[in-house]
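*Asks:* Encoded as C-alpha cells, here's the structure I'll be asking about.
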2 protein chains.
Amino acid sequence: MAEQSAPSRAWRVVLEKVENDLLDGRLGPGDRLPAERELAGNLGVGRSSVREALRVLEVMGLIRTGTGSGPSSGAIIVAAPTGGMQALLRLQVAAQGFPLDDVVRTRLALEEAVVESLARDPNRSIPAARRMTEVMVASDLSPAEFLALDAQLHLSLAEASGNVVITAMMAGLRSSIESYVREGADNIDDWDATADRLRREHVAILDAIDAGDAEKARELVHSHIAGYYAHAGLSR
Amino acid sequence: MAEQSAPSRAWRVVLEKVENDLLDGRLGPGDRLPAERELAGNLGVGRSSVREALRVLEVMGLIRTGTGSGPSSGAIIVAAPTGGMQALLRLQVAAQGFPLDDVVRTRLALEEAVVESLARDPNRSIPAARRMTEVMVASDLSPAEFLALDAQLHLSLAEASGNVVITAMMAGLRSSIESYVREGADNIDDWDATADRLRREHVAILDAIDAGDAEKARELVHSHIAGYYAHAGLSR
DNA sequence: GTGTGTACTATGGTCGGACCACAGGAGGGT
DNA sequence: ACCCTCCTGTGGTCCGACCATAGTACACAC
C-alpha cells in the first residue's frame, strides 16, 4: 500500500523504505537508522535526497538525529508524538489551510471526549490537573501566564485520559492558535473577572469528572471553551 | 512563539522564514515562493538547506513544487489540508508512536462530533452520504471494496460537516489504520451478514441525522464503529 | 503580416565532493 | 593503572555541476 509508482523523487524512495521497514518491524522505537552515506549507497540515491527524507522524518517527530559517534549518534527512531502534529497544525493554520474556527471546533470535540472518557473511567486519576488549578489561583498572573497554565491544565487532562493521539492533537491545535488566543486576551477588558470565572469553571469541570458525571463534564467543558472564545471575539 | 534561538540548523531558518511570512501575510495561498537559489542567497544558507525545508513543507501539504518556468513552476503555497495529516499519522502509527487503540478511539470521538454537529445543523445536506449507502447495497462487493466505500461514506459525512480540520484528521486516521482494518476483515467469518448489518447501521445513522436527533446519531455511530472494531478483533 | 519552430532561460531534481563540528573509542605515553 | 591524544564515524552545511522541463522570445520561412 505504500507503493506510489513514482520513481521520480528520489527522496520518496527513502521515505518509503523507512516506512516499510517500520511496518515490517525491521525498524522500531530506539533503533538506529543506517548512516546517511550508507543509506544513500544502498538505495542508489544521493546523500542530499536521503537528507531531505530524514528531515521530513525529523520534523514529523519520528527520528532524532545526533552528531558525533557512539550509540547516541545518527538517526534514531523516537516517535515523539506531539512534535510533528504541532508543526503540521501550526503551518496549516498559518497557511490558512485550516480555518481558525474549525480548529476551535475540533478542539472542542476532542476536549469533550477527553473529559467524558475521564468521567467514565473508574480508575481515573487527575492529580496533575488538580494541582494546576491550585497554581492558577495566584492573582498576580499576567494574561499570558494564565493562558499558559490554562493550556497545561487542559493538556494534563488529555494526558490523564491516556490517549496519545488526542493528546498530540490537542497540543498541536492549542499551539497553532496560541498567538490568536493571546491576542484575544487583549480584547477582554475585565480580565480579572474573566480569569476568576475560568478558575471556577476549571474546578467545576474537575468536580464533575471526579463525580463520574460524564454528561455534566461534557457540558461544562463545552461552555467553558466556547464561552471563552466567544468572549475573546475569536469565534464567529 | 516561532522563535527557537537555535541558529544551528540552517534549514530551520528557512522554515521559520516561510512560517513568519505566512503569519504576517507576506505569503498566502496561491503565492509563489522565491526560487530556491534566490532564497538560499537571501537567507545566507546553502541551497541544500533550502531544499530540506521545502521538502518538509511539501510533505506537510503546504506547497506544491513544479519544474520548468512560468507561473506554474516553483514552489506554490497550496495548503492542501489532508496530505500532511495523512503522512504524519501513517508514519506515527508505523513507528508505534500512536497506538492503534488510541487511533480508533480518536476516530470515534471525531466521528461522534461530526454526526452530532450534522444533526444539529438545520442547513445540513448529506446527499453524497446517501448516495454512498445506495452504492454499497451491491452484494458482490469484496470486503476491500466495501471497506473503501465505507471509508468514503464516513469521510463524506466529515466533509458535509464543513470542518476541514476534522475532515483531514479523519482521513489521516483512517488511512493510518487502513491496512489493519483490511486484515481485520479477514477475521470476520460471516462477512455477508456483517456487511448487511453495517449497511443498515449506515442508513440508521443518516436517518437520525436527517431527523435532527443528535443524541441518537451519536450513539448509533459509536456502536457502529466500536462494534465493528470489536468484531474484527481490533479493539482491546 | 502571420505562423512556426528553434533556441534560450528559469526553474526544480539530483548527484557528488568537500569541509566542518562533534562525540566516542582506541591506542600510546606516563 | 590512569590519562591524554589522535583517529574514526557521524550528521550539518555548502558548493558546483548536470539534467529535465516548461514557458518565452526571437528569428526565420512563407
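Naming works like this for the C-alpha cells: A, B, ... for the chains as they're shown, residue 1 at the start of each chain, ligands 1 onward in shown order.
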Report as an mmCIF file with C-alpha atoms, in the first residue's frame the set of chain B residues whose atoms approach chain D to within 6 Å, with distances computed over only C-alpha atoms (C1' of nucleotides).
*Replies:*
```
data_model
loop_
_atom_site.group_PDB
_atom_site.id
_atom_site.type_symbol
_atom_site.label_atom_id
_atom_site.label_comp_id
_atom_site.auth_asym_id
_atom_site.auth_seq_id
_atom_site.Cartn_x
_atom_site.Cartn_y
_atom_site.Cartn_z
ATOM 1 C CA GLY B 46 23.033 26.747 1.084
ATOM 2 C CA THR B 67 9.723 22.326 -12.615
ATOM 3 C CA GLY B 68 10.103 24.349 -15.727
ATOM 4 C CA SER B 69 9.383 28.038 -15.947
ATOM 5 C CA GLY B 70 6.282 30.133 -15.999
#
```
*Asks:* Output chain A as a PDB file with C-alpha atoms, in the first residue's frame, after least-squares fitting it to chain B on all in-order C-alpha pairs.
*Replies:*
```pdb
ATOM      1  CA  MET A   1       6.854  33.007  19.122  1.00  0.00           C
ATOM      2  CA  ALA A   2       8.416  31.306  16.184  1.00  0.00           C
ATOM      3  CA  GLU A   3      11.846  32.075  17.565  1.00  0.00           C
ATOM      4  CA  GLN A   4      13.935  29.173  18.608  1.00  0.00           C
ATOM      5  CA  SER A   5      17.328  30.748  19.182  1.00  0.00           C
ATOM      6  CA  ALA A   6      18.800  27.749  17.464  1.00  0.00           C
ATOM      7  CA  PRO A   7      20.948  29.246  14.780  1.00  0.00           C
ATOM      8  CA  SER A   8      22.356  25.847  14.109  1.00  0.00           C
ATOM      9  CA  ARG A   9      20.228  23.904  11.683  1.00  0.00           C
ATOM     10  CA  ALA A  10      20.206  26.084   8.584  1.00  0.00           C
ATOM     11  CA  TRP A  11      17.026  24.500   7.308  1.00  0.00           C
ATOM     12  CA  ARG A  12      15.164  25.725  10.355  1.00  0.00           C
ATOM     13  CA  VAL A  13      15.956  29.251   9.332  1.00  0.00           C
ATOM     14  CA  VAL A  14      14.171  28.635   6.065  1.00  0.00           C
ATOM     15  CA  LEU A  15      11.231  26.980   7.745  1.00  0.00           C
ATOM     16  CA  GLU A  16      10.817  29.843  10.171  1.00  0.00           C
ATOM     17  CA  LYS A  17      11.174  32.422   7.444  1.00  0.00           C
ATOM     18  CA  VAL A  18       8.333  30.829   5.508  1.00  0.00           C
ATOM     19  CA  GLU A  19       6.203  30.444   8.612  1.00  0.00           C
ATOM     20  CA  ASN A  20       6.705  34.065   9.548  1.00  0.00           C
ATOM     21  CA  ASP A  21       5.925  35.212   6.038  1.00  0.00           C
ATOM     22  CA  LEU A  22       2.729  33.225   6.248  1.00  0.00           C
ATOM     23  CA  LEU A  23       1.783  34.605   9.643  1.00  0.00           C
ATOM     24  CA  ASP A  24       2.504  38.168   8.593  1.00  0.00           C
ATOM     25  CA  GLY A  25       0.530  37.827   5.407  1.00  0.00           C
ATOM     26  CA  ARG A  26       3.523  38.246   3.128  1.00  0.00           C
ATOM     27  CA  LEU A  27       2.665  34.805   1.818  1.00  0.00           C
ATOM     28  CA  GLY A  28      -0.716  33.289   1.252  1.00  0.00           C
ATOM     29  CA  PRO A  29      -2.485  30.516  -0.640  1.00  0.00           C
ATOM     30  CA  GLY A  30      -1.629  30.662  -4.315  1.00  0.00           C
ATOM     31  CA  ASP A  31       1.517  32.681  -3.855  1.00  0.00           C
ATOM     32  CA  ARG A  32       4.836  31.521  -5.205  1.00  0.00           C
ATOM     33  CA  LEU A  33       7.870  31.202  -3.017  1.00  0.00           C
ATOM     34  CA  PRO A  34      11.122  32.666  -4.272  1.00  0.00           C
ATOM     35  CA  ALA A  35      13.250  30.310  -6.289  1.00  0.00           C
ATOM     36  CA  GLU A  36      15.355  27.916  -4.278  1.00  0.00           C
ATOM     37  CA  ARG A  37      18.622  29.514  -5.335  1.00  0.00           C
ATOM     38  CA  GLU A  38      17.308  32.969  -4.574  1.00  0.00           C
ATOM     39  CA  LEU A  39      15.980  31.920  -1.185  1.00  0.00           C
ATOM     40  CA  ALA A  40      19.310  30.377  -0.377  1.00  0.00           C
ATOM     41  CA  GLY A  41      21.087  33.586  -1.267  1.00  0.00           C
ATOM     42  CA  ASN A  42      18.680  35.771   0.669  1.00  0.00           C
ATOM     43  CA  LEU A  43      18.964  33.747   3.833  1.00  0.00           C
ATOM     44  CA  GLY A  44      22.640  33.020   3.560  1.00  0.00           C
ATOM     45  CA  VAL A  45      22.249  29.256   3.540  1.00  0.00           C
ATOM     46  CA  GLY A  46      23.012  26.603   0.997  1.00  0.00           C
ATOM     47  CA  ARG A  47      20.502  25.444  -1.519  1.00  0.00           C
ATOM     48  CA  SER A  48      20.441  21.973   0.025  1.00  0.00           C
ATOM     49  CA  SER A  49      19.225  23.433   3.290  1.00  0.00           C
ATOM     50  CA  VAL A  50      16.498  25.314   1.479  1.00  0.00           C
ATOM     51  CA  ARG A  51      15.475  22.125  -0.222  1.00  0.00           C
ATOM     52  CA  GLU A  52      15.263  20.249   3.051  1.00  0.00           C
ATOM     53  CA  ALA A  53      12.896  22.852   4.412  1.00  0.00           C
ATOM     54  CA  LEU A  54      10.814  22.874   1.245  1.00  0.00           C
ATOM     55  CA  ARG A  55      10.601  19.112   1.376  1.00  0.00           C
ATOM     56  CA  VAL A  56       9.093  19.348   4.838  1.00  0.00           C
ATOM     57  CA  LEU A  57       6.598  21.913   3.658  1.00  0.00           C
ATOM     58  CA  GLU A  58       5.705  19.746   0.700  1.00  0.00           C
ATOM     59  CA  VAL A  59       5.083  16.625   2.737  1.00  0.00           C
ATOM     60  CA  MET A  60       3.046  18.652   5.186  1.00  0.00           C
ATOM     61  CA  GLY A  61       0.844  19.682   2.292  1.00  0.00           C
ATOM     62  CA  LEU A  62       1.701  23.351   2.381  1.00  0.00           C
ATOM     63  CA  ILE A  63       3.358  23.730  -0.958  1.00  0.00           C
ATOM     64  CA  ARG A  64       3.314  22.126  -4.349  1.00  0.00           C
ATOM     65  CA  THR A  65       6.484  22.221  -6.415  1.00  0.00           C
ATOM     66  CA  GLY A  66       6.604  22.280 -10.167  1.00  0.00           C
ATOM     67  CA  THR A  67       9.495  22.156 -12.581  1.00  0.00           C
ATOM     68  CA  GLY A  68       9.865  24.173 -15.733  1.00  0.00           C
ATOM     69  CA  SER A  69       9.107  27.849 -16.005  1.00  0.00           C
ATOM     70  CA  GLY A  70       5.990  29.956 -16.010  1.00  0.00           C
ATOM     71  CA  PRO A  71       3.381  30.645 -13.359  1.00  0.00           C
ATOM     72  CA  SER A  72       2.821  27.021 -12.443  1.00  0.00           C
ATOM     73  CA  SER A  73       6.444  26.325 -11.712  1.00  0.00           C
ATOM     74  CA  GLY A  74       8.294  26.795  -8.471  1.00  0.00           C
ATOM     75  CA  ALA A  75       6.957  26.244  -4.991  1.00  0.00           C
ATOM     76  CA  ILE A  76       3.373  27.386  -4.586  1.00  0.00           C
ATOM     77  CA  ILE A  77       1.432  27.654  -1.346  1.00  0.00           C
ATOM     78  CA  VAL A  78      -1.487  25.288  -1.570  1.00  0.00           C
ATOM     79  CA  ALA A  79      -2.268  24.401   2.034  1.00  0.00           C
ATOM     80  CA  ALA A  80      -3.809  21.067   1.113  1.00  0.00           C
ATOM     81  CA  PRO A  81      -5.142  20.034   4.480  1.00  0.00           C
ATOM     82  CA  THR A  82      -5.344  16.270   4.253  1.00  0.00           C
ATOM     83  CA  GLY A  83      -2.011  15.298   2.752  1.00  0.00           C
ATOM     84  CA  GLY A  84       0.191  16.202   5.651  1.00  0.00           C
ATOM     85  CA  MET A  85      -2.094  14.822   8.306  1.00  0.00           C
ATOM     86  CA  GLN A  86      -2.231  11.568   6.454  1.00  0.00           C
ATOM     87  CA  ALA A  87       1.526  11.257   6.184  1.00  0.00           C
ATOM     88  CA  LEU A  88       2.052  12.213   9.793  1.00  0.00           C
ATOM     89  CA  LEU A  89      -0.468   9.807  11.238  1.00  0.00           C
ATOM     90  CA  ARG A  90       0.599   6.946   9.028  1.00  0.00           C
ATOM     91  CA  LEU A  91       4.206   7.331  10.031  1.00  0.00           C
ATOM     92  CA  GLN A  92       3.470   7.797  13.708  1.00  0.00           C
ATOM     93  CA  VAL A  93       1.331   4.696  13.754  1.00  0.00           C
ATOM     94  CA  ALA A  94       3.964   2.770  11.842  1.00  0.00           C
ATOM     95  CA  ALA A  95       6.607   3.888  14.333  1.00  0.00           C
ATOM     96  CA  GLN A  96       4.333   2.909  17.213  1.00  0.00           C
ATOM     97  CA  GLY A  97       4.173   6.467  18.476  1.00  0.00           C
ATOM     98  CA  PHE A  98       0.417   6.273  18.153  1.00  0.00           C
ATOM     99  CA  PRO A  99      -1.128   3.084  19.504  1.00  0.00           C
ATOM    100  CA  LEU A 100      -3.791   1.573  17.318  1.00  0.00           C
ATOM    101  CA  ASP A 101      -6.270   1.696  20.123  1.00  0.00           C
ATOM    102  CA  ASP A 102      -5.872   5.412  20.640  1.00  0.00           C
ATOM    103  CA  VAL A 103      -6.310   5.994  16.957  1.00  0.00           C
ATOM    104  CA  VAL A 104      -9.586   4.121  16.985  1.00  0.00           C
ATOM    105  CA  ARG A 105     -10.797   5.964  20.040  1.00  0.00           C
ATOM    106  CA  THR A 106      -9.881   9.296  18.522  1.00  0.00           C
ATOM    107  CA  ARG A 107     -11.719   8.427  15.371  1.00  0.00           C
ATOM    108  CA  LEU A 108     -14.683   7.553  17.523  1.00  0.00           C
ATOM    109  CA  ALA A 109     -14.623  10.917  19.249  1.00  0.00           C
ATOM    110  CA  LEU A 110     -14.367  12.848  16.014  1.00  0.00           C
ATOM    111  CA  GLU A 111     -16.948  10.800  14.217  1.00  0.00           C
ATOM    112  CA  GLU A 112     -19.419  11.296  17.031  1.00  0.00           C
ATOM    113  CA  ALA A 113     -18.783  15.016  16.943  1.00  0.00           C
ATOM    114  CA  VAL A 114     -19.379  15.041  13.211  1.00  0.00           C
ATOM    115  CA  VAL A 115     -22.752  13.360  13.266  1.00  0.00           C
ATOM    116  CA  GLU A 116     -23.844  15.349  16.264  1.00  0.00           C
ATOM    117  CA  SER A 117     -22.933  18.590  14.571  1.00  0.00           C
ATOM    118  CA  LEU A 118     -24.678  17.475  11.400  1.00  0.00           C
ATOM    119  CA  ALA A 119     -27.841  16.525  13.230  1.00  0.00           C
ATOM    120  CA  ARG A 120     -27.909  19.882  14.954  1.00  0.00           C
ATOM    121  CA  ASP A 121     -27.304  21.838  11.763  1.00  0.00           C
ATOM    122  CA  PRO A 122     -30.607  22.991  10.279  1.00  0.00           C
ATOM    123  CA  ASN A 123     -28.903  23.615   6.924  1.00  0.00           C
ATOM    124  CA  ARG A 124     -27.311  20.180   6.715  1.00  0.00           C
ATOM    125  CA  SER A 125     -27.249  18.409   3.409  1.00  0.00           C
ATOM    126  CA  ILE A 126     -25.779  14.977   3.080  1.00  0.00           C
ATOM    127  CA  PRO A 127     -26.714  13.822  -0.406  1.00  0.00           C
ATOM    128  CA  ALA A 128     -23.223  12.513  -1.013  1.00  0.00           C
ATOM    129  CA  ALA A 129     -23.490  10.239   1.987  1.00  0.00           C
ATOM    130  CA  ARG A 130     -26.905   9.023   0.934  1.00  0.00           C
ATOM    131  CA  ARG A 131     -25.586   8.231  -2.478  1.00  0.00           C
ATOM    132  CA  MET A 132     -22.750   6.269  -0.955  1.00  0.00           C
ATOM    133  CA  THR A 133     -25.120   4.057   0.975  1.00  0.00           C
ATOM    134  CA  GLU A 134     -26.944   3.292  -2.242  1.00  0.00           C
ATOM    135  CA  VAL A 135     -23.742   2.367  -3.999  1.00  0.00           C
ATOM    136  CA  MET A 136     -22.852   0.044  -1.176  1.00  0.00           C
ATOM    137  CA  VAL A 137     -25.901  -2.158  -1.541  1.00  0.00           C
ATOM    138  CA  ALA A 138     -24.206  -3.992  -4.383  1.00  0.00           C
ATOM    139  CA  SER A 139     -23.688  -7.399  -2.922  1.00  0.00           C
ATOM    140  CA  ASP A 140     -20.771  -8.415  -5.074  1.00  0.00           C
ATOM    141  CA  LEU A 141     -18.351  -6.131  -3.318  1.00  0.00           C
ATOM    142  CA  SER A 142     -15.204  -7.633  -1.938  1.00  0.00           C
ATOM    143  CA  PRO A 143     -14.403  -6.746   1.669  1.00  0.00           C
ATOM    144  CA  ALA A 144     -11.681  -4.413   0.455  1.00  0.00           C
ATOM    145  CA  GLU A 145     -14.076  -2.649  -1.911  1.00  0.00           C
ATOM    146  CA  PHE A 146     -16.715  -2.413   0.727  1.00  0.00           C
ATOM    147  CA  LEU A 147     -14.311  -0.950   3.227  1.00  0.00           C
ATOM    148  CA  ALA A 148     -13.092   1.598   0.712  1.00  0.00           C
ATOM    149  CA  LEU A 149     -16.643   2.750   0.117  1.00  0.00           C
ATOM    150  CA  ASP A 150     -17.251   2.757   3.840  1.00  0.00           C
ATOM    151  CA  ALA A 151     -14.281   5.046   4.276  1.00  0.00           C
ATOM    152  CA  GLN A 152     -15.633   7.358   1.608  1.00  0.00           C
ATOM    153  CA  LEU A 153     -19.001   7.434   3.281  1.00  0.00           C
ATOM    154  CA  HIS A 154     -17.629   8.392   6.646  1.00  0.00           C
ATOM    155  CA  LEU A 155     -15.373  10.938   5.026  1.00  0.00           C
ATOM    156  CA  SER A 156     -18.250  12.488   3.152  1.00  0.00           C
ATOM    157  CA  LEU A 157     -20.022  13.012   6.456  1.00  0.00           C
ATOM    158  CA  ALA A 158     -17.015  14.828   7.824  1.00  0.00           C
ATOM    159  CA  GLU A 159     -16.885  16.973   4.726  1.00  0.00           C
ATOM    160  CA  ALA A 160     -20.575  17.721   5.021  1.00  0.00           C
ATOM    161  CA  SER A 161     -19.948  18.998   8.513  1.00  0.00           C
ATOM    162  CA  GLY A 162     -17.786  21.645   6.934  1.00  0.00           C
ATOM    163  CA  ASN A 163     -14.928  21.225   9.380  1.00  0.00           C
ATOM    164  CA  VAL A 164     -11.687  20.980   7.453  1.00  0.00           C
ATOM    165  CA  VAL A 165      -9.597  20.100  10.467  1.00  0.00           C
ATOM    166  CA  ILE A 166     -11.778  17.209  11.497  1.00  0.00           C
ATOM    167  CA  THR A 167     -12.037  16.036   7.920  1.00  0.00           C
ATOM    168  CA  ALA A 168      -8.283  16.026   7.561  1.00  0.00           C
ATOM    169  CA  MET A 169      -7.799  14.251  10.853  1.00  0.00           C
ATOM    170  CA  MET A 170     -10.369  11.615  10.047  1.00  0.00           C
ATOM    171  CA  ALA A 171      -8.870  10.989   6.646  1.00  0.00           C
ATOM    172  CA  GLY A 172      -5.479  10.668   8.242  1.00  0.00           C
ATOM    173  CA  LEU A 173      -6.636   8.415  11.051  1.00  0.00           C
ATOM    174  CA  ARG A 174      -8.430   6.225   8.597  1.00  0.00           C
ATOM    175  CA  SER A 175      -5.501   5.844   6.270  1.00  0.00           C
ATOM    176  CA  SER A 176      -3.137   5.213   9.147  1.00  0.00           C
ATOM    177  CA  ILE A 177      -5.040   2.131  10.209  1.00  0.00           C
ATOM    178  CA  GLU A 178      -6.213   1.125   6.765  1.00  0.00           C
ATOM    179  CA  SER A 179      -3.992  -1.897   6.521  1.00  0.00           C
ATOM    180  CA  TYR A 180      -5.034  -3.151   9.943  1.00  0.00           C
ATOM    181  CA  VAL A 181      -8.680  -2.678   9.093  1.00  0.00           C
ATOM    182  CA  ARG A 182      -8.232  -4.727   5.953  1.00  0.00           C
ATOM    183  CA  GLU A 183      -6.477  -7.453   7.855  1.00  0.00           C
ATOM    184  CA  GLY A 184      -9.228  -7.311  10.435  1.00  0.00           C
ATOM    185  CA  ALA A 185     -11.780  -8.061   7.768  1.00  0.00           C
ATOM    186  CA  ASP A 186     -10.130 -11.433   7.322  1.00  0.00           C
ATOM    187  CA  ASN A 187     -11.007 -12.265  10.906  1.00  0.00           C
ATOM    188  CA  ILE A 188     -14.666 -11.964  10.079  1.00  0.00           C
ATOM    189  CA  ASP A 189     -16.092 -15.244   8.912  1.00  0.00           C
ATOM    190  CA  ASP A 190     -19.648 -14.141   8.290  1.00  0.00           C
ATOM    191  CA  TRP A 191     -18.670 -11.251   6.076  1.00  0.00           C
ATOM    192  CA  ASP A 192     -21.954 -10.991   4.155  1.00  0.00           C
ATOM    193  CA  ALA A 193     -23.957 -10.754   7.333  1.00  0.00           C
ATOM    194  CA  THR A 194     -21.567  -8.192   8.729  1.00  0.00           C
ATOM    195  CA  ALA A 195     -21.726  -6.099   5.585  1.00  0.00           C
ATOM    196  CA  ASP A 196     -25.489  -6.232   5.753  1.00  0.00           C
ATOM    197  CA  ARG A 197     -25.465  -5.039   9.324  1.00  0.00           C
ATOM    198  CA  LEU A 198     -23.064  -2.229   8.481  1.00  0.00           C
ATOM    199  CA  ARG A 199     -25.310  -1.108   5.626  1.00  0.00           C
ATOM    200  CA  ARG A 200     -28.338  -0.998   7.890  1.00  0.00           C
ATOM    201  CA  GLU A 201     -26.394   0.915  10.504  1.00  0.00           C
ATOM    202  CA  HIS A 202     -25.315   3.428   7.910  1.00  0.00           C
ATOM    203  CA  VAL A 203     -28.873   4.078   6.897  1.00  0.00           C
ATOM    204  CA  ALA A 204     -29.962   4.351  10.511  1.00  0.00           C
ATOM    205  CA  ILE A 205     -27.242   6.897  11.196  1.00  0.00           C
ATOM    206  CA  LEU A 206     -28.204   9.023   8.221  1.00  0.00           C
ATOM    207  CA  ASP A 207     -31.846   8.774   9.232  1.00  0.00           C
ATOM    208  CA  ALA A 208     -31.035   9.990  12.715  1.00  0.00           C
ATOM    209  CA  ILE A 209     -29.109  12.894  11.252  1.00  0.00           C
ATOM    210  CA  ASP A 210     -31.954  13.807   8.932  1.00  0.00           C
ATOM    211  CA  ALA A 211     -34.348  13.580  11.844  1.00  0.00           C
ATOM    212  CA  GLY A 212     -32.163  16.000  13.779  1.00  0.00           C
ATOM    213  CA  ASP A 213     -31.705  13.506  16.583  1.00  0.00           C
ATOM    214  CA  ALA A 214     -28.167  14.314  17.648  1.00  0.00           C
ATOM    215  CA  GLU A 215     -28.091  12.006  20.628  1.00  0.00           C
ATOM    216  CA  LYS A 216     -29.300   9.026  18.690  1.00  0.00           C
ATOM    217  CA  ALA A 217     -26.924   9.708  15.822  1.00  0.00           C
ATOM    218  CA  ARG A 218     -24.084   9.844  18.298  1.00  0.00           C
ATOM    219  CA  GLU A 219     -25.003   6.559  19.888  1.00  0.00           C
ATOM    220  CA  LEU A 220     -25.543   4.847  16.588  1.00  0.00           C
ATOM    221  CA  VAL A 221     -22.238   5.924  15.144  1.00  0.00           C
ATOM    222  CA  HIS A 222     -20.523   4.908  18.346  1.00  0.00           C
ATOM    223  CA  SER A 223     -21.851   1.396  18.337  1.00  0.00           C
ATOM    224  CA  HIS A 224     -21.383   1.209  14.580  1.00  0.00           C
ATOM    225  CA  ILE A 225     -17.675   1.858  14.763  1.00  0.00           C
ATOM    226  CA  ALA A 226     -16.876   0.334  18.134  1.00  0.00           C
ATOM    227  CA  GLY A 227     -18.896  -2.697  17.174  1.00  0.00           C
ATOM    228  CA  TYR A 228     -17.035  -3.240  13.966  1.00  0.00           C
ATOM    229  CA  TYR A 229     -13.590  -2.897  15.487  1.00  0.00           C
ATOM    230  CA  ALA A 230     -14.550  -5.273  18.267  1.00  0.00           C
ATOM    231  CA  HIS A 231     -15.947  -7.744  15.779  1.00  0.00           C
ATOM    232  CA  ALA A 232     -12.816  -7.560  13.672  1.00  0.00           C
ATOM    233  CA  GLY A 233     -10.691  -8.133  16.750  1.00  0.00           C
ATOM    234  CA  LEU A 234      -8.965  -4.764  16.499  1.00  0.00           C
ATOM    235  CA  SER A 235     -10.015  -3.360  19.839  1.00  0.00           C
ATOM    236  CA  ARG A 236      -8.635  -4.451  23.130  1.00  0.00           C
TER     237      ARG A 236
END
```
*Asks:* Identify all residues of stretch 18-217 of chain B in strand (DSSP E or B) (DSSP on the backbone) and supply them as a PyMOL selection string.
*Replies:* chain B and resi 32+63-66+74-77
*Asks:* Set out as CSV a contact list for chain C and chain A with a cut-off of 10 Å, giving each residue of chain C that qualifies its closest atom pair and distance in Å to one decimal, counting only C-alpha atoms (C1' of nucleotides), ordered by chain and rising residue number.
*Replies:*
```
residue,atom,partner,partner_atom,distance
C:DG13,C1',A:Arg9,CA,7.4
C:DT14,C1',A:Gly46,CA,7.0
C:DC15,C1',A:Gly46,CA,5.4
C:DG16,C1',A:Gly46,CA,7.7
C:DA21,C1',A:Gly68,CA,8.4
C:DC22,C1',A:Gly68,CA,4.8
C:DA23,C1',A:Gly68,CA,4.1
C:DG24,C1',A:Gly70,CA,5.2
C:DG25,C1',A:Gly70,CA,8.3
```
*Asks:* Using C-alpha atoms (C1' of nucleotides), can you export the residues from the last selection as a PDB file, in the first residue's frame?
*Replies:*
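What landed in out-v5.pdb:
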```pdb
ATOM      1  C1'  DG C  13      15.628  17.445  -9.121  1.00  0.00           C
ATOM      2  C1'  DT C  14      19.654  15.017  -8.279  1.00  0.00           C
ATOM      3  C1'  DC C  15      24.257  13.847  -7.549  1.00  0.00           C
ATOM      4  C1'  DG C  16      28.986  14.013  -5.818  1.00  0.00           C
ATOM      5  C1'  DA C  21      31.934  20.170  14.307  1.00  0.00           C
ATOM      6  C1'  DC C  22      31.381  16.870  17.372  1.00  0.00           C
ATOM      7  C1'  DA C  23      31.407  12.639  20.265  1.00  0.00           C
ATOM      8  C1'  DG C  24      33.132   8.388  21.280  1.00  0.00           C
ATOM      9  C1'  DG C  25      36.743   4.940  21.237  1.00  0.00           C
TER      10       DG C  25
END
```
*Asks:* Please return as a PyMOL selection string: the residues of chain B that backbone DSSP assigns to helix (DSSP H, G or I).
*Replies:* chain B and resi 10-23+36-43+47-59+81-94+100-120+127-135+143-161+164-176+178-186+191-210+214-231
